[in-house]
file target-v9.tsv (TSV, C-alpha atoms)
chain	number	residue	atom	x	y	z
A	1	MET	CA	229.89	92.57	69.29
A	2	ALA	CA	227.56	89.71	68.36
A	3	ALA	CA	224.53	91.79	69.39
A	4	ALA	CA	225.74	94.80	67.35
A	5	GLY	CA	226.32	92.57	64.32
A	6	GLY	CA	222.87	91.09	64.64
A	7	LEU	CA	221.31	94.56	64.91
A	8	LEU	CA	223.16	95.73	61.79
A	9	TRP	CA	222.04	92.66	59.86
A	10	GLY	CA	218.45	93.28	60.94
A	11	LEU	CA	218.60	96.92	59.79
A	12	ARG	CA	219.91	95.88	56.38
A	13	ARG	CA	217.14	93.33	56.02
A	14	LEU	CA	214.52	95.92	57.03
A	15	CYS	CA	215.86	98.39	54.43
A	16	ARG	CA	215.60	95.78	51.71
A	17	VAL	CA	212.02	94.99	52.68
A	18	LEU	CA	211.08	98.70	52.69
A	19	LEU	CA	212.73	99.23	49.29
A	20	PHE	CA	210.83	96.27	47.84
A	21	LEU	CA	207.52	97.52	49.25
A	22	SER	CA	208.06	101.04	47.84
A	23	GLN	CA	208.83	99.70	44.36
A	24	PHE	CA	205.80	97.41	44.51
A	25	TYR	CA	203.62	100.38	45.54
A	26	ILE	CA	204.76	102.46	42.55
A	27	LEU	CA	204.41	99.62	40.02
A	28	SER	CA	200.95	98.72	41.31
A	29	GLY	CA	199.70	102.23	40.57
A	30	GLY	CA	199.84	103.68	44.03
A	31	GLU	CA	201.90	106.55	42.62
A	32	SER	CA	201.20	107.29	38.98
A	33	THR	CA	204.25	108.14	36.91
A	34	ASP	CA	202.47	108.06	33.55
A	35	ILE	CA	203.00	111.10	31.33
A	36	PRO	CA	199.98	112.13	29.20
A	37	PRO	CA	200.71	111.39	25.52
A	38	TYR	CA	200.00	114.98	24.49
A	39	MET	CA	202.87	116.21	26.68
A	40	MET	CA	205.34	115.10	24.00
A	41	LYS	CA	204.04	117.97	21.81
A	42	CYS	CA	203.74	120.62	24.55
A	43	PRO	CA	206.83	122.80	25.16
A	44	SER	CA	207.39	123.78	28.79
A	45	ASN	CA	206.95	127.47	29.69
A	46	GLY	CA	206.37	128.51	26.08
A	47	LEU	CA	203.89	131.13	24.95
A	48	CYS	CA	200.31	130.01	25.53
A	49	SER	CA	199.24	131.34	22.12
A	50	ARG	CA	201.89	129.20	20.41
A	51	LEU	CA	200.92	125.89	22.00
A	52	PRO	CA	199.85	123.09	19.64
A	53	ALA	CA	196.13	122.35	19.48
A	54	ASP	CA	196.62	119.04	21.33
A	55	CYS	CA	197.81	120.95	24.42
A	56	ILE	CA	194.79	123.19	24.92
A	57	GLU	CA	191.01	123.09	25.14
A	58	CYS	CA	188.98	126.00	23.73
A	59	LYS	CA	185.35	127.09	23.83
A	60	THR	CA	184.78	127.42	20.10
A	61	ASN	CA	181.93	129.21	18.38
A	62	PHE	CA	180.94	127.54	15.11
A	63	SER	CA	178.64	130.42	14.16
A	64	CYS	CA	181.55	132.79	13.50
A	65	VAL	CA	181.86	134.40	10.06
A	66	TYR	CA	184.14	132.44	7.71
A	67	GLY	CA	187.45	134.15	7.01
A	68	LYS	CA	187.03	136.74	9.76
A	69	PRO	CA	189.29	137.09	12.84
A	70	VAL	CA	187.81	135.48	15.96
A	71	THR	CA	188.90	134.99	19.59
A	72	PHE	CA	188.24	131.95	21.75
A	73	ASP	CA	188.70	131.38	25.49
A	74	CYS	CA	191.16	128.52	26.02
A	75	THR	CA	192.70	126.61	28.92
A	76	VAL	CA	195.77	124.41	28.98
A	77	LYS	CA	195.41	120.70	29.63
A	78	PRO	CA	196.64	119.18	32.92
A	79	SER	CA	200.43	119.17	33.41
A	80	VAL	CA	200.89	121.78	30.64
A	81	THR	CA	202.60	125.05	31.63
A	82	CYS	CA	202.75	128.22	29.53
A	83	VAL	CA	203.28	131.97	29.88
A	84	ASP	CA	201.81	135.13	28.40
A	85	GLN	CA	203.61	138.01	26.66
A	86	ASP	CA	204.84	139.24	30.06
A	87	PHE	CA	206.25	135.79	30.92
A	88	LYS	CA	203.62	135.23	33.61
A	89	SER	CA	202.37	131.69	34.08
A	90	ARG	CA	198.81	131.19	32.79
A	91	LYS	CA	196.22	128.46	32.80
A	92	SER	CA	193.62	130.40	30.81
A	93	PHE	CA	194.20	132.70	27.84
A	94	VAL	CA	192.58	134.11	24.71
A	95	LEU	CA	193.46	132.55	21.33
A	96	ASN	CA	193.28	134.65	18.16
A	97	MET	CA	192.61	132.75	14.95
A	98	THR	CA	190.74	132.88	11.64
A	99	CYS	CA	187.22	131.47	11.50
A	100	ARG	CA	187.41	128.40	9.22
A	101	PHE	CA	187.01	124.65	9.43
A	102	CYS	CA	190.05	122.42	9.23
A	103	TRP	CA	189.12	121.08	5.78
A	104	GLN	CA	189.02	124.69	4.51
A	105	LEU	CA	192.70	125.31	5.32
A	106	PRO	CA	195.25	125.84	2.53
A	107	GLU	CA	197.20	122.74	1.49
A	108	THR	CA	200.36	123.96	3.25
A	109	ASP	CA	198.63	123.72	6.66
A	110	TYR	CA	197.98	119.95	6.64
A	111	GLU	CA	199.60	116.67	5.60
A	112	CYS	CA	197.84	113.93	3.65
A	113	SER	CA	198.50	110.24	3.13
A	114	SER	CA	199.73	109.11	-0.27
A	115	SER	CA	198.55	106.26	-2.48
A	116	THR	CA	200.39	103.93	-4.86
A	117	SER	CA	197.28	102.07	-6.01
A	118	CYS	CA	196.06	104.61	-8.55
A	119	MET	CA	197.37	105.67	-11.94
A	120	ALA	CA	199.02	109.08	-12.08
A	121	VAL	CA	199.06	109.07	-15.90
A	122	SER	CA	195.49	108.56	-17.09
A	123	CYS	CA	192.71	110.46	-18.83
A	124	PRO	CA	190.83	111.78	-17.02
A	125	ARG	CA	193.38	112.06	-14.26
A	126	GLN	CA	192.46	109.77	-11.37
A	127	ARG	CA	191.86	110.77	-7.77
A	128	TYR	CA	192.03	108.91	-4.48
A	129	THR	CA	190.65	109.45	-0.96
A	130	ALA	CA	193.41	110.61	1.39
A	131	ASN	CA	193.38	111.06	5.16
A	132	CYS	CA	194.67	114.54	6.01
A	133	THR	CA	195.88	115.79	9.40
A	134	VAL	CA	196.32	119.46	10.36
A	135	ARG	CA	199.81	120.50	11.45
A	136	ASP	CA	200.31	120.86	15.20
A	137	HIS	CA	200.53	124.65	15.47
A	138	ILE	CA	197.61	125.41	13.13
A	139	HIS	CA	194.27	126.13	14.80
A	140	CYS	CA	190.91	125.54	13.10
A	141	LEU	CA	187.34	124.45	13.76
A	142	GLY	CA	186.06	120.88	13.63
A	143	ASN	CA	187.96	117.61	13.28
A	144	ARG	CA	191.70	117.95	12.79
A	145	THR	CA	191.75	114.76	10.69
A	146	PHE	CA	189.53	114.65	7.63
A	147	PRO	CA	189.23	112.84	4.27
A	148	LYS	CA	189.95	114.65	1.01
A	149	MET	CA	189.96	113.73	-2.67
A	150	LEU	CA	193.41	114.29	-4.17
A	151	TYR	CA	194.92	113.72	-7.58
A	152	CYS	CA	197.21	110.71	-7.94
A	153	ASN	CA	200.76	112.01	-7.78
A	154	TRP	CA	202.96	109.10	-6.74
A	155	THR	CA	206.23	108.20	-8.45
A	156	GLY	CA	207.89	104.89	-9.15
A	157	GLY	CA	211.37	106.44	-9.21
A	158	TYR	CA	211.68	107.01	-12.97
A	159	LYS	CA	213.61	110.11	-14.01
A	160	TRP	CA	212.44	112.20	-16.95
A	161	SER	CA	216.01	113.25	-17.76
A	162	THR	CA	217.17	109.61	-17.97
A	163	ALA	CA	214.24	108.62	-20.19
A	164	LEU	CA	214.89	111.57	-22.54
A	165	ALA	CA	218.64	110.87	-22.70
A	166	LEU	CA	217.99	107.21	-23.57
A	167	SER	CA	215.45	108.23	-26.20
A	168	ILE	CA	217.95	110.55	-27.90
A	169	THR	CA	220.97	108.23	-27.77
A	170	LEU	CA	219.60	104.67	-27.79
A	171	GLY	CA	215.98	105.24	-28.79
A	172	GLY	CA	216.46	103.32	-32.01
A	173	PHE	CA	217.06	100.16	-29.95
A	174	GLY	CA	214.04	100.77	-27.69
A	175	ALA	CA	216.15	101.59	-24.62
A	176	ASP	CA	213.81	104.41	-23.59
A	177	ARG	CA	210.74	102.18	-23.72
A	178	PHE	CA	212.55	99.38	-21.87
A	179	TYR	CA	213.57	101.85	-19.16
A	180	LEU	CA	209.95	102.98	-18.71
A	181	GLY	CA	208.78	99.37	-18.36
A	182	GLN	CA	207.05	99.28	-21.75
A	183	TRP	CA	208.50	96.01	-23.01
A	184	ARG	CA	206.21	95.47	-25.99
A	185	GLU	CA	206.95	98.88	-27.45
A	186	GLY	CA	210.64	98.39	-26.68
A	187	LEU	CA	210.75	95.12	-28.60
A	188	GLY	CA	208.81	96.72	-31.45
A	189	LYS	CA	211.35	99.53	-31.74
A	190	LEU	CA	214.27	97.12	-31.43
A	191	PHE	CA	213.19	94.83	-34.28
A	192	SER	CA	211.98	97.67	-36.52
A	193	PHE	CA	215.16	99.73	-36.04
A	194	GLY	CA	213.18	102.44	-34.32
A	195	GLY	CA	210.44	102.37	-36.92
A	196	LEU	CA	213.10	103.26	-39.50
A	197	GLY	CA	213.87	106.33	-37.40
A	198	ILE	CA	210.37	107.78	-37.46
A	199	TRP	CA	209.27	106.11	-34.21
A	200	THR	CA	212.52	107.22	-32.59
A	201	LEU	CA	211.95	110.87	-33.45
A	202	LEU	CA	208.34	110.68	-32.27
A	203	ASP	CA	209.37	109.20	-28.92
A	204	VAL	CA	211.93	111.94	-28.38
A	205	LEU	CA	209.14	114.50	-28.78
A	206	LEU	CA	206.57	112.55	-26.74
A	207	ILE	CA	208.94	111.89	-23.84
A	208	GLY	CA	210.25	115.44	-24.03
A	209	VAL	CA	206.80	116.92	-23.48
A	210	GLY	CA	205.91	114.27	-20.86
A	211	TYR	CA	203.16	112.61	-22.90
A	212	VAL	CA	204.84	109.19	-22.66
A	213	GLY	CA	205.49	108.17	-19.04
A	214	PRO	CA	206.29	105.09	-16.95
A	215	ALA	CA	204.25	101.96	-17.61
A	216	ASP	CA	203.14	101.76	-13.96
A	217	GLY	CA	201.23	105.03	-14.33
A	218	SER	CA	203.43	107.01	-11.94
A	219	LEU	CA	204.93	110.44	-12.44
A	220	TYR	CA	208.54	111.27	-13.31
A	221	ILE	CA	210.86	112.40	-10.51

call {"tool": "encode", "arguments": {"input": "target-v9.tsv", "output": "structure tokens"}}
result
Amino acid sequence: MAAAGGLLWGLRRLCRVLLFLSQFYILSGGESTDIPPYMMKCPSNGLCSRLPADCIECKTNFSCVYGKPVTFDCTVKPSVTCVDQDFKSRKSFVLNMTCRFCWQLPETDYECSSSTSCMAVSCPRQRYTANCTVRDHIHCLGNRTFPKMLYCNWTGGYKWSTALALSITLGGFGADRFYLGQWREGLGKLFSFGGLGIWTLLDVLLIGVGYVGPADGSLYI
């Protein structure tokens, strides 16, 4: 009995040592369990032609005619699986697309960063340099991230309807100007009784057509 107990204890100890060694082997890189970052965007066993651009590599031809249909030979990246129209697994396939660079895409095909450091209400209207990124399932030539000059279009949260309602009801006390952050004009209207009503009527028209906006230069919601 003592010998059997000792043997059982030895087996348990050996199992623990083996388990520790296997975990150490995996953590030290002996068996890689890392998933490529692009795999998060690549659906498994989907159509090859519908894969995002990050999941494939294509032999592109930059001498194609702009705006014309063009085909490119593409292969999927490692660990990516896809099928053709007949649901057969493929590693290589032909991609049909339109010949154009990424910066030539319509605005609906990419997303751009916004800016709150420029004035949206100014003459001439200001622009800022935005970084634009093509949407995943859109294919194009060249860099998928590119700079572009865009008009300032940010908002500070001011509502046009609220400003107009204040101008009509409490404009004589400068409430509309106070709401838009224009304190000097608000005080001027308050102590002049809305410019004896003339300033009040003018502000109703100017706010109504959008000529008078928030003091921070942003756009109405």

call {"tool": "closest_residue", "arguments": {"input": "target-v9.tsv", "among": "A:Asp84, A:Asp216, A:Asp73, A:Asp109", "to": "Tyr179 of chain A", "atoms": "all atoms listed in the file"}}
result
A:Asp216

call {"tool": "residues_around", "arguments": {"input": "target-v9.tsv", "residues": "Ser79 of chain A", "least_positions_apart": "2", "cutoff": "8 Å", "atoms": "all atoms listed in the file", "output": "list in words"}}
result
Met39, Lys77 and Thr81 of chain A

call {"tool": "write_last_selection", "arguments": {"input": "target-v9.tsv", "atoms": "C-alpha atoms", "output": "PDB file, keeping the file's coordinate frame"}}
result
ATOM      1  CA  MET A  39     202.870 116.210  26.680  1.00  0.00           C
ATOM      2  CA  LYS A  77     195.410 120.700  29.630  1.00  0.00           C
ATOM      3  CA  THR A  81     202.600 125.050  31.630  1.00  0.00           C
TER       4      THR A  81
END

call {"tool": "closest_residue", "arguments": {"input": "target-v9.tsv", "among": "A:Met40, A:Cys112, A:Leu180, A:Leu47", "to": "Lys159 of chain A", "atoms": "only C-alpha atoms"}}
result
A:Leu180

call {"tool": "closest_residue", "arguments": {"input": "target-v9.tsv", "among": "A:Leu166, A:Val65, A:Met97, A:Ala53", "to": "Val134 of chain A", "atoms": "all atoms listed in the file"}}
result
A:Ala53

call {"tool": "closest_residue", "arguments": {"input": "target-v9.tsv", "among": "A:Cys58, A:Leu196, A:Val76, A:Leu219", "to": "Gly156 of chain A", "atoms": "all atoms listed in the file"}}
result
A:Leu219

call {"tool": "atom_distance", "arguments": {"input": "target-v9.tsv", "atom1": "atom CA of Asn131 of chain A", "atom2": "atom CA of Gln104 of chain A"}}
result
14.3 Å

call {"tool": "residues_around", "arguments": {"input": "target-v9.tsv", "residues": "Arg127 of chain A", "least_positions_apart": "3", "cutoff": "7 Å", "atoms": "all atoms listed in the file", "output": "PyMOL selection string"}}
result
chain A and resi 149-152

call {"tool": "closest_residue", "arguments": {"input": "target-v9.tsv", "among": "A:Asp136, A:Asp176, A:Thr108, A:Ser115", "to": "Tyr38 of chain A", "atoms": "all atoms listed in the file"}}
result
A:Asp136

call {"tool": "closest_residue", "arguments": {"input": "target-v9.tsv", "among": "A:Gln182, A:Ser92, A:Gln126, A:Glu111", "to": "Pro147 of chain A", "atoms": "all atoms listed in the file"}}
result
A:Glu111

call {"tool": "atom_distance", "arguments": {"input": "target-v9.tsv", "atom1": "atom CA of Thr145 of chain A", "atom2": "atom CA of Cys55 of chain A"}}
result
16.2 Å

call {"tool": "residues_around", "arguments": {"input": "target-v9.tsv", "residues": "Gly197 of chain A", "least_positions_apart": "3", "cutoff": "12 Å", "atoms": "all atoms listed in the file", "output": "VMD selection string"}}
result
chain A and resid 167 to 168 170 to 174 189 to 194 200 to 204

call {"tool": "axis_aligned_box", "arguments": {"input": "target-v9.tsv", "around": "segment 213-218 of chain A", "padding_each_side": "8 Å", "output": "JSON"}}
result
{"center_x": 203.8, "center_y": 105.0, "center_z": -15.5, "size_x": 21.1, "size_y": 22.4, "size_z": 23.1}

call {"tool": "residues_around", "arguments": {"input": "target-v9.tsv", "residues": "Ile138 of chain A", "least_positions_apart": "2", "cutoff": "12 Å", "atoms": "only C-alpha atoms", "output": "ChimeraX atom specification"}}
result
/A:49-54,95-98,100-102,105-111,133-136,140-141,144

call {"tool": "atom_distance", "arguments": {"input": "target-v9.tsv", "atom1": "atom CA of Phe178 of chain A", "atom2": "atom CA of Pro214 of chain A"}}
result
9.8 Å

call {"tool": "residues_around", "arguments": {"input": "target-v9.tsv", "residues": "Gly208 of chain A", "least_positions_apart": "6", "cutoff": "9 Å", "atoms": "only C-alpha atoms", "output": "MDAnalysis selection string"}}
result
chainID A and resid 160:161 163:164

call {"tool": "decode", "arguments": {"input": "target-v9.tsv", "residues": "segment 100-216 of chain A", "atoms": "C-alpha atoms", "output": "compact mmCIF listing (two decimals), in the first residue's frame"}}
result
# COMPACT_ATOMS: atom_id res chain seq x y z
CA ARG A 100 -9.25 55.06 -59.83
CA PHE A 101 -7.00 56.16 -57.00
CA CYS A 102 -8.33 56.20 -53.46
CA TRP A 103 -8.34 60.01 -53.27
CA GLN A 104 -10.56 60.06 -56.39
CA LEU A 105 -13.38 58.12 -54.69
CA PRO A 106 -16.73 59.78 -53.94
CA GLU A 107 -17.12 61.16 -50.42
CA THR A 108 -19.44 58.30 -49.41
CA ASP A 109 -16.61 55.77 -49.85
CA TYR A 110 -14.27 57.14 -47.16
CA GLU A 111 -14.31 58.67 -43.68
CA CYS A 112 -12.39 61.79 -42.68
CA SER A 113 -11.29 63.23 -39.36
CA SER A 114 -13.05 66.34 -38.09
CA SER A 115 -11.63 69.56 -36.69
CA THR A 116 -12.85 71.95 -34.00
CA SER A 117 -10.01 74.44 -34.40
CA CYS A 118 -11.35 76.29 -37.42
CA MET A 119 -14.25 78.67 -37.89
CA ALA A 120 -17.26 77.28 -39.73
CA VAL A 121 -18.83 80.73 -40.10
CA SER A 122 -16.31 82.96 -41.86
CA CYS A 123 -15.81 84.71 -45.18
CA PRO A 124 -14.28 83.17 -47.14
CA ARG A 125 -15.27 79.87 -45.61
CA GLN A 126 -12.26 78.22 -43.98
CA ARG A 127 -10.84 74.80 -44.76
CA TYR A 128 -8.72 72.35 -42.80
CA THR A 129 -6.51 69.36 -43.67
CA ALA A 130 -8.26 66.10 -42.77
CA ASN A 131 -6.93 62.54 -42.76
CA CYS A 132 -9.30 60.33 -44.75
CA THR A 133 -9.48 56.51 -44.71
CA VAL A 134 -11.23 54.37 -47.33
CA ARG A 135 -14.00 52.10 -46.05
CA ASP A 136 -13.05 48.44 -45.66
CA HIS A 137 -14.97 46.94 -48.58
CA ILE A 138 -14.05 49.64 -51.12
CA HIS A 139 -11.15 48.81 -53.45
CA CYS A 140 -8.97 51.46 -55.08
CA LEU A 141 -5.41 52.20 -56.19
CA GLY A 142 -2.71 53.78 -54.04
CA ASN A 143 -2.70 54.61 -50.33
CA ARG A 144 -5.96 53.91 -48.51
CA THR A 145 -5.26 56.81 -46.11
CA PHE A 146 -4.73 60.23 -47.62
CA PRO A 147 -4.97 63.94 -46.68
CA LYS A 148 -7.74 66.13 -48.08
CA MET A 149 -8.78 69.76 -47.72
CA LEU A 150 -12.32 70.00 -46.34
CA TYR A 151 -14.58 72.86 -45.37
CA CYS A 152 -15.00 73.50 -41.65
CA ASN A 153 -18.31 71.97 -40.64
CA TRP A 154 -18.15 71.33 -36.90
CA THR A 155 -20.91 72.26 -34.48
CA GLY A 156 -20.84 73.48 -30.91
CA GLY A 157 -24.31 72.09 -30.17
CA TYR A 158 -26.35 75.24 -30.86
CA LYS A 159 -29.78 74.68 -32.37
CA TRP A 160 -31.10 77.02 -35.05
CA SER A 161 -34.70 76.44 -33.93
CA THR A 162 -33.88 77.45 -30.34
CA ALA A 163 -32.03 80.59 -31.44
CA LEU A 164 -34.94 81.62 -33.72
CA ALA A 165 -37.55 80.95 -31.00
CA LEU A 166 -35.59 83.07 -28.50
CA SER A 167 -35.20 85.84 -31.07
CA ILE A 168 -38.96 85.97 -31.69
CA THR A 169 -40.08 85.74 -28.06
CA LEU A 170 -37.28 87.26 -25.96
CA GLY A 171 -35.18 88.98 -28.61
CA GLY A 172 -35.90 92.38 -27.12
CA PHE A 173 -33.97 91.33 -24.00
CA GLY A 174 -31.04 89.92 -25.99
CA ALA A 175 -31.82 86.29 -25.12
CA ASP A 176 -30.99 85.12 -28.64
CA ARG A 177 -27.59 86.78 -28.61
CA PHE A 178 -26.85 85.48 -25.10
CA TYR A 179 -27.76 81.97 -26.23
CA LEU A 180 -25.35 82.19 -29.18
CA GLY A 181 -22.52 83.33 -26.90
CA GLN A 182 -22.52 86.92 -28.17
CA TRP A 183 -22.52 88.69 -24.82
CA ARG A 184 -21.70 92.20 -26.01
CA GLU A 185 -24.55 92.25 -28.51
CA GLY A 186 -26.83 90.69 -25.90
CA LEU A 187 -26.08 93.43 -23.39
CA GLY A 188 -26.52 96.05 -26.11
CA LYS A 189 -29.99 94.73 -26.95
CA LEU A 190 -30.92 94.40 -23.28
CA PHE A 191 -30.11 98.01 -22.35
CA SER A 192 -31.48 99.48 -25.59
CA PHE A 193 -34.76 97.52 -25.38
CA GLY A 194 -33.87 95.66 -28.54
CA GLY A 195 -32.78 98.80 -30.32
CA LEU A 196 -36.31 100.13 -29.80
CA GLY A 197 -37.57 97.05 -31.62
CA ILE A 198 -35.61 97.61 -34.81
CA TRP A 199 -32.63 95.48 -33.75
CA THR A 200 -35.03 92.77 -32.60
CA LEU A 201 -36.73 92.56 -35.99
CA LEU A 202 -33.39 92.54 -37.79
CA ASP A 203 -32.09 89.68 -35.64
CA VAL A 204 -35.20 87.62 -36.34
CA LEU A 205 -34.48 87.96 -40.05
CA LEU A 206 -30.71 87.42 -39.74
CA ILE A 207 -31.04 84.35 -37.53
CA GLY A 208 -33.88 83.04 -39.68
CA VAL A 209 -31.73 83.03 -42.81
CA GLY A 210 -28.68 81.72 -40.90
CA TYR A 211 -26.56 84.86 -41.34
CA VAL A 212 -26.08 85.25 -37.58
CA GLY A 213 -24.61 82.10 -35.99
CA PRO A 214 -22.86 80.94 -32.81
CA ALA A 215 -20.01 83.09 -31.52
CA ASP A 216 -17.58 80.14 -31.62
